[in-house]
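Novice: Okay, handing you the structure first.
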Amino acid sequence: MSDSGEMTFWDHLDVLRASIVRCVVVLLAAAIGLFAFKEFLFDDLILAPSRGDFFLYRWIGADVSLNLVNLEVTAQFMIHMKMAFLCALVLTFPYLIYKLWEFIAPALYEKERKAARKAFIFASCLFYIGVVVGYILIFPLMLNFFADYQVSSDVPNTFSLSSYISLLTSLVITFGIVFEFPTVAALLSSLGVLTKETMRKYRRHAICAVVILAAVITPSGDPFSLAVVALPLYLLYEFSVFICKPSKAE
């Protein structure tokens, strides 16, 4: 630190390095802990949507029971490591965001610091909501459709563990990111790029886009499944309209 009390470039570098080390340690500790609790991680969490007793299937009256198989020698061990790390990343996300905030906060003014703190908390909450929606709603609905879909009765469906995990992780992470839309809208609104009036003007376009996206996610054509997927996406858009700033003329 310089004589004036201000941190030098190397001081900032040391702080950044210490923050990265703490993040890595916490992330690895969480991953090792989840790796050790294999039964909970897979039987109670990851593989739960593959069984007919999953709560969403009971709610919609679906009969889903998958027989997953492993086709590669190392796949089960590698998937175990991969899912332990990804779940640890989701679990420690608030801490990682906090350490990032802790590093950049001293460079901000008090007003900027308050706004950034709210943005970090807001983004974290939306990410978790998106992950939960993807896991308990979107992924089971897609699984229900693909489990029953056959090009011929002579070709029964037997899914590999790798394909199941790939679909699960891609959908859950995608919806975690999709649910960051209000954060992006709020940021653009604060910069004056996006206004409440613009969002309202393109509401009909947004509804069409939501319905198309929901139809792609739930290709079964079931109106109930379509509505279940489309509703949270539309509410997400309306929430973005609500938090956007009006134009100065309003």
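Naming scheme: A, B, ... for chains in displayed order of the structure tokens; residues 1 onward per chain; ligands 1 onward as shown.
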If you take only C-alpha atoms and a cut-off of 10 Å, which residues of segment 123-174 of chain A touch segment 41-46 of chain A, and what are their nearest atom pairs and distances in Å to one decimal, in chain and number order, as CSV?

Specialist:
```
residue,atom,partner,partner_atom,distance
A:Tyr135,CA,A:Ile46,CA,9.0
A:Tyr164,CA,A:Ile46,CA,9.6
A:Ile165,CA,A:Ile46,CA,8.1
A:Leu168,CA,A:Ile46,CA,8.3
A:Thr169,CA,A:Ile46,CA,9.6
```

Novice: How would the residues just chosen look if you wrote them out with all heavy atoms as a PDB file, in the first residue's frame?

Specialist:
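Below is the file result_17.pdb, written as the result:
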```pdb
ATOM      1  N   TYR A 135     -35.469 -27.627 -13.206  1.00  0.00           N
ATOM      2  CA  TYR A 135     -35.366 -28.971 -12.623  1.00  0.00           C
ATOM      3  C   TYR A 135     -36.719 -29.600 -12.321  1.00  0.00           C
ATOM      4  O   TYR A 135     -36.948 -30.778 -12.641  1.00  0.00           O
ATOM      5  CB  TYR A 135     -34.528 -28.909 -11.346  1.00  0.00           C
ATOM      6  CG  TYR A 135     -34.536 -30.197 -10.553  1.00  0.00           C
ATOM      7  CD1 TYR A 135     -33.807 -31.307 -10.984  1.00  0.00           C
ATOM      8  CD2 TYR A 135     -35.288 -30.311  -9.385  1.00  0.00           C
ATOM      9  CE1 TYR A 135     -33.818 -32.486 -10.263  1.00  0.00           C
ATOM     10  CE2 TYR A 135     -35.311 -31.493  -8.659  1.00  0.00           C
ATOM     11  CZ  TYR A 135     -34.567 -32.573  -9.105  1.00  0.00           C
ATOM     12  OH  TYR A 135     -34.601 -33.745  -8.397  1.00  0.00           O
ATOM     13  N   TYR A 164     -29.035 -38.637 -20.443  1.00  0.00           N
ATOM     14  CA  TYR A 164     -29.922 -38.117 -19.391  1.00  0.00           C
ATOM     15  C   TYR A 164     -29.252 -36.949 -18.676  1.00  0.00           C
ATOM     16  O   TYR A 164     -29.853 -35.887 -18.488  1.00  0.00           O
ATOM     17  CB  TYR A 164     -30.239 -39.245 -18.409  1.00  0.00           C
ATOM     18  CG  TYR A 164     -31.060 -38.833 -17.210  1.00  0.00           C
ATOM     19  CD1 TYR A 164     -32.450 -38.906 -17.230  1.00  0.00           C
ATOM     20  CD2 TYR A 164     -30.450 -38.369 -16.045  1.00  0.00           C
ATOM     21  CE1 TYR A 164     -33.205 -38.530 -16.125  1.00  0.00           C
ATOM     22  CE2 TYR A 164     -31.191 -37.990 -14.935  1.00  0.00           C
ATOM     23  CZ  TYR A 164     -32.571 -38.079 -14.981  1.00  0.00           C
ATOM     24  OH  TYR A 164     -33.317 -37.695 -13.878  1.00  0.00           O
ATOM     25  N   ILE A 165     -28.006 -37.134 -18.277  1.00  0.00           N
ATOM     26  CA  ILE A 165     -27.272 -36.090 -17.554  1.00  0.00           C
ATOM     27  C   ILE A 165     -27.063 -34.872 -18.449  1.00  0.00           C
ATOM     28  O   ILE A 165     -27.178 -33.724 -17.999  1.00  0.00           O
ATOM     29  CB  ILE A 165     -25.918 -36.629 -17.056  1.00  0.00           C
ATOM     30  CG1 ILE A 165     -26.127 -37.718 -16.000  1.00  0.00           C
ATOM     31  CG2 ILE A 165     -25.067 -35.496 -16.486  1.00  0.00           C
ATOM     32  CD1 ILE A 165     -26.803 -37.252 -14.737  1.00  0.00           C
ATOM     33  N   LEU A 168     -30.332 -32.938 -18.672  1.00  0.00           N
ATOM     34  CA  LEU A 168     -30.621 -32.308 -17.386  1.00  0.00           C
ATOM     35  C   LEU A 168     -29.775 -31.060 -17.169  1.00  0.00           C
ATOM     36  O   LEU A 168     -30.295 -29.980 -16.861  1.00  0.00           O
ATOM     37  CB  LEU A 168     -30.378 -33.317 -16.257  1.00  0.00           C
ATOM     38  CG  LEU A 168     -30.442 -32.767 -14.824  1.00  0.00           C
ATOM     39  CD1 LEU A 168     -31.841 -32.268 -14.503  1.00  0.00           C
ATOM     40  CD2 LEU A 168     -30.001 -33.811 -13.820  1.00  0.00           C
ATOM     41  N   THR A 169     -28.472 -31.184 -17.328  1.00  0.00           N
ATOM     42  CA  THR A 169     -27.584 -30.052 -17.062  1.00  0.00           C
ATOM     43  C   THR A 169     -27.814 -28.905 -18.041  1.00  0.00           C
ATOM     44  O   THR A 169     -27.822 -27.738 -17.640  1.00  0.00           O
ATOM     45  CB  THR A 169     -26.114 -30.495 -17.126  1.00  0.00           C
ATOM     46  OG1 THR A 169     -25.860 -31.154 -18.372  1.00  0.00           O
ATOM     47  CG2 THR A 169     -25.785 -31.434 -15.989  1.00  0.00           C
TER      48      THR A 169
END
```

Novice: Just want the 8 Å neighbourhood of Ala88 of chain A, counted on only C-alpha atoms, with same-chain residues fewer than 4 positions away dropped. Output as a list in words.

Specialist: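 The residues satisfying every condition are Leu27, Leu28, Ala30, Ala31, Leu34, Ala84 and Thr92 of chain A.
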
Novice: Hey, what's within 7 Å of Leu126 of chain A if we count only C-alpha atoms and toss same-chain stuff fewer than 3 positions away? As a PDB file with C-alpha atoms, in the first residue's frame, please?

Specialist:
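result-v3.pdb, written as the output of this step:
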```
ATOM      1  CA  PHE A 122     -31.264  -9.864  -7.515  1.00  0.00           C
ATOM      2  CA  ALA A 123     -29.282 -11.815 -10.120  1.00  0.00           C
ATOM      3  CA  ILE A 129     -35.444 -19.600  -9.407  1.00  0.00           C
ATOM      4  CA  GLY A 130     -34.522 -20.474 -12.995  1.00  0.00           C
ATOM      5  CA  PHE A 179     -34.214 -16.118 -15.742  1.00  0.00           C
ATOM      6  CA  GLU A 180     -31.515 -13.438 -15.727  1.00  0.00           C
TER       7      GLU A 180
END
```

Novice: By how many Å are atom CA of Pro246 of chain A and atom CA of Arg203 of chain A apart?

Specialist: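 Separation of atom CA of Pro246 of chain A and atom CA of Arg203 of chain A: 15.3 Å.
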
Novice: Within 9 Å of Ile207 of chain A, counting only C-alpha atoms, which residues qualify if same-chain residues fewer than 3 places away don't, as a ChimeraX atom specification?

Specialist: /A:202-204,210-212,230,234,237

Novice: I'd like the neighbourhood of Met78 of chain A as a ChimeraX atom specification, where a residue qualifies if any of its atoms comes within 12 Å (using only C-alpha atoms), though same-chain residues fewer than 5 positions away should be ignored.

Specialist: /A:35,70,72-73,83-85,161-162,165

Novice: Selected residues, N, CA and C atoms, written as a PDB file, in the first residue's frame, please.

Specialist:
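Generated output (again17.pdb):
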```
ATOM      1  N   PHE A  35     -19.569 -35.195  -3.548  1.00  0.00           N
ATOM      2  CA  PHE A  35     -19.046 -36.444  -4.112  1.00  0.00           C
ATOM      3  C   PHE A  35     -19.164 -37.578  -3.099  1.00  0.00           C
ATOM      4  N   ASN A  70     -25.639 -47.649 -18.704  1.00  0.00           N
ATOM      5  CA  ASN A  70     -24.323 -47.061 -18.902  1.00  0.00           C
ATOM      6  C   ASN A  70     -23.620 -47.785 -20.042  1.00  0.00           C
ATOM      7  N   GLU A  72     -20.418 -46.740 -21.353  1.00  0.00           N
ATOM      8  CA  GLU A  72     -18.984 -46.497 -21.391  1.00  0.00           C
ATOM      9  C   GLU A  72     -18.341 -46.926 -20.083  1.00  0.00           C
ATOM     10  N   VAL A  73     -17.119 -47.376 -20.168  1.00  0.00           N
ATOM     11  CA  VAL A  73     -16.426 -47.917 -18.993  1.00  0.00           C
ATOM     12  C   VAL A  73     -16.257 -46.863 -17.904  1.00  0.00           C
ATOM     13  N   MET A  83     -21.039 -34.018 -11.948  1.00  0.00           N
ATOM     14  CA  MET A  83     -22.234 -33.536 -11.270  1.00  0.00           C
ATOM     15  C   MET A  83     -21.929 -33.008  -9.876  1.00  0.00           C
ATOM     16  N   ALA A  84     -20.945 -33.613  -9.209  1.00  0.00           N
ATOM     17  CA  ALA A  84     -20.537 -33.094  -7.899  1.00  0.00           C
ATOM     18  C   ALA A  84     -19.999 -31.676  -8.043  1.00  0.00           C
ATOM     19  N   PHE A  85     -19.222 -31.443  -9.104  1.00  0.00           N
ATOM     20  CA  PHE A  85     -18.662 -30.109  -9.328  1.00  0.00           C
ATOM     21  C   PHE A  85     -19.744 -29.111  -9.727  1.00  0.00           C
ATOM     22  N   LEU A 161     -27.200 -43.140 -19.483  1.00  0.00           N
ATOM     23  CA  LEU A 161     -27.002 -42.220 -18.367  1.00  0.00           C
ATOM     24  C   LEU A 161     -26.397 -40.908 -18.849  1.00  0.00           C
ATOM     25  N   SER A 162     -25.485 -40.994 -19.805  1.00  0.00           N
ATOM     26  CA  SER A 162     -24.813 -39.790 -20.322  1.00  0.00           C
ATOM     27  C   SER A 162     -25.796 -38.833 -20.984  1.00  0.00           C
ATOM     28  N   ILE A 165     -28.006 -37.134 -18.277  1.00  0.00           N
ATOM     29  CA  ILE A 165     -27.272 -36.090 -17.554  1.00  0.00           C
ATOM     30  C   ILE A 165     -27.063 -34.872 -18.449  1.00  0.00           C
TER      31      ILE A 165
END
```
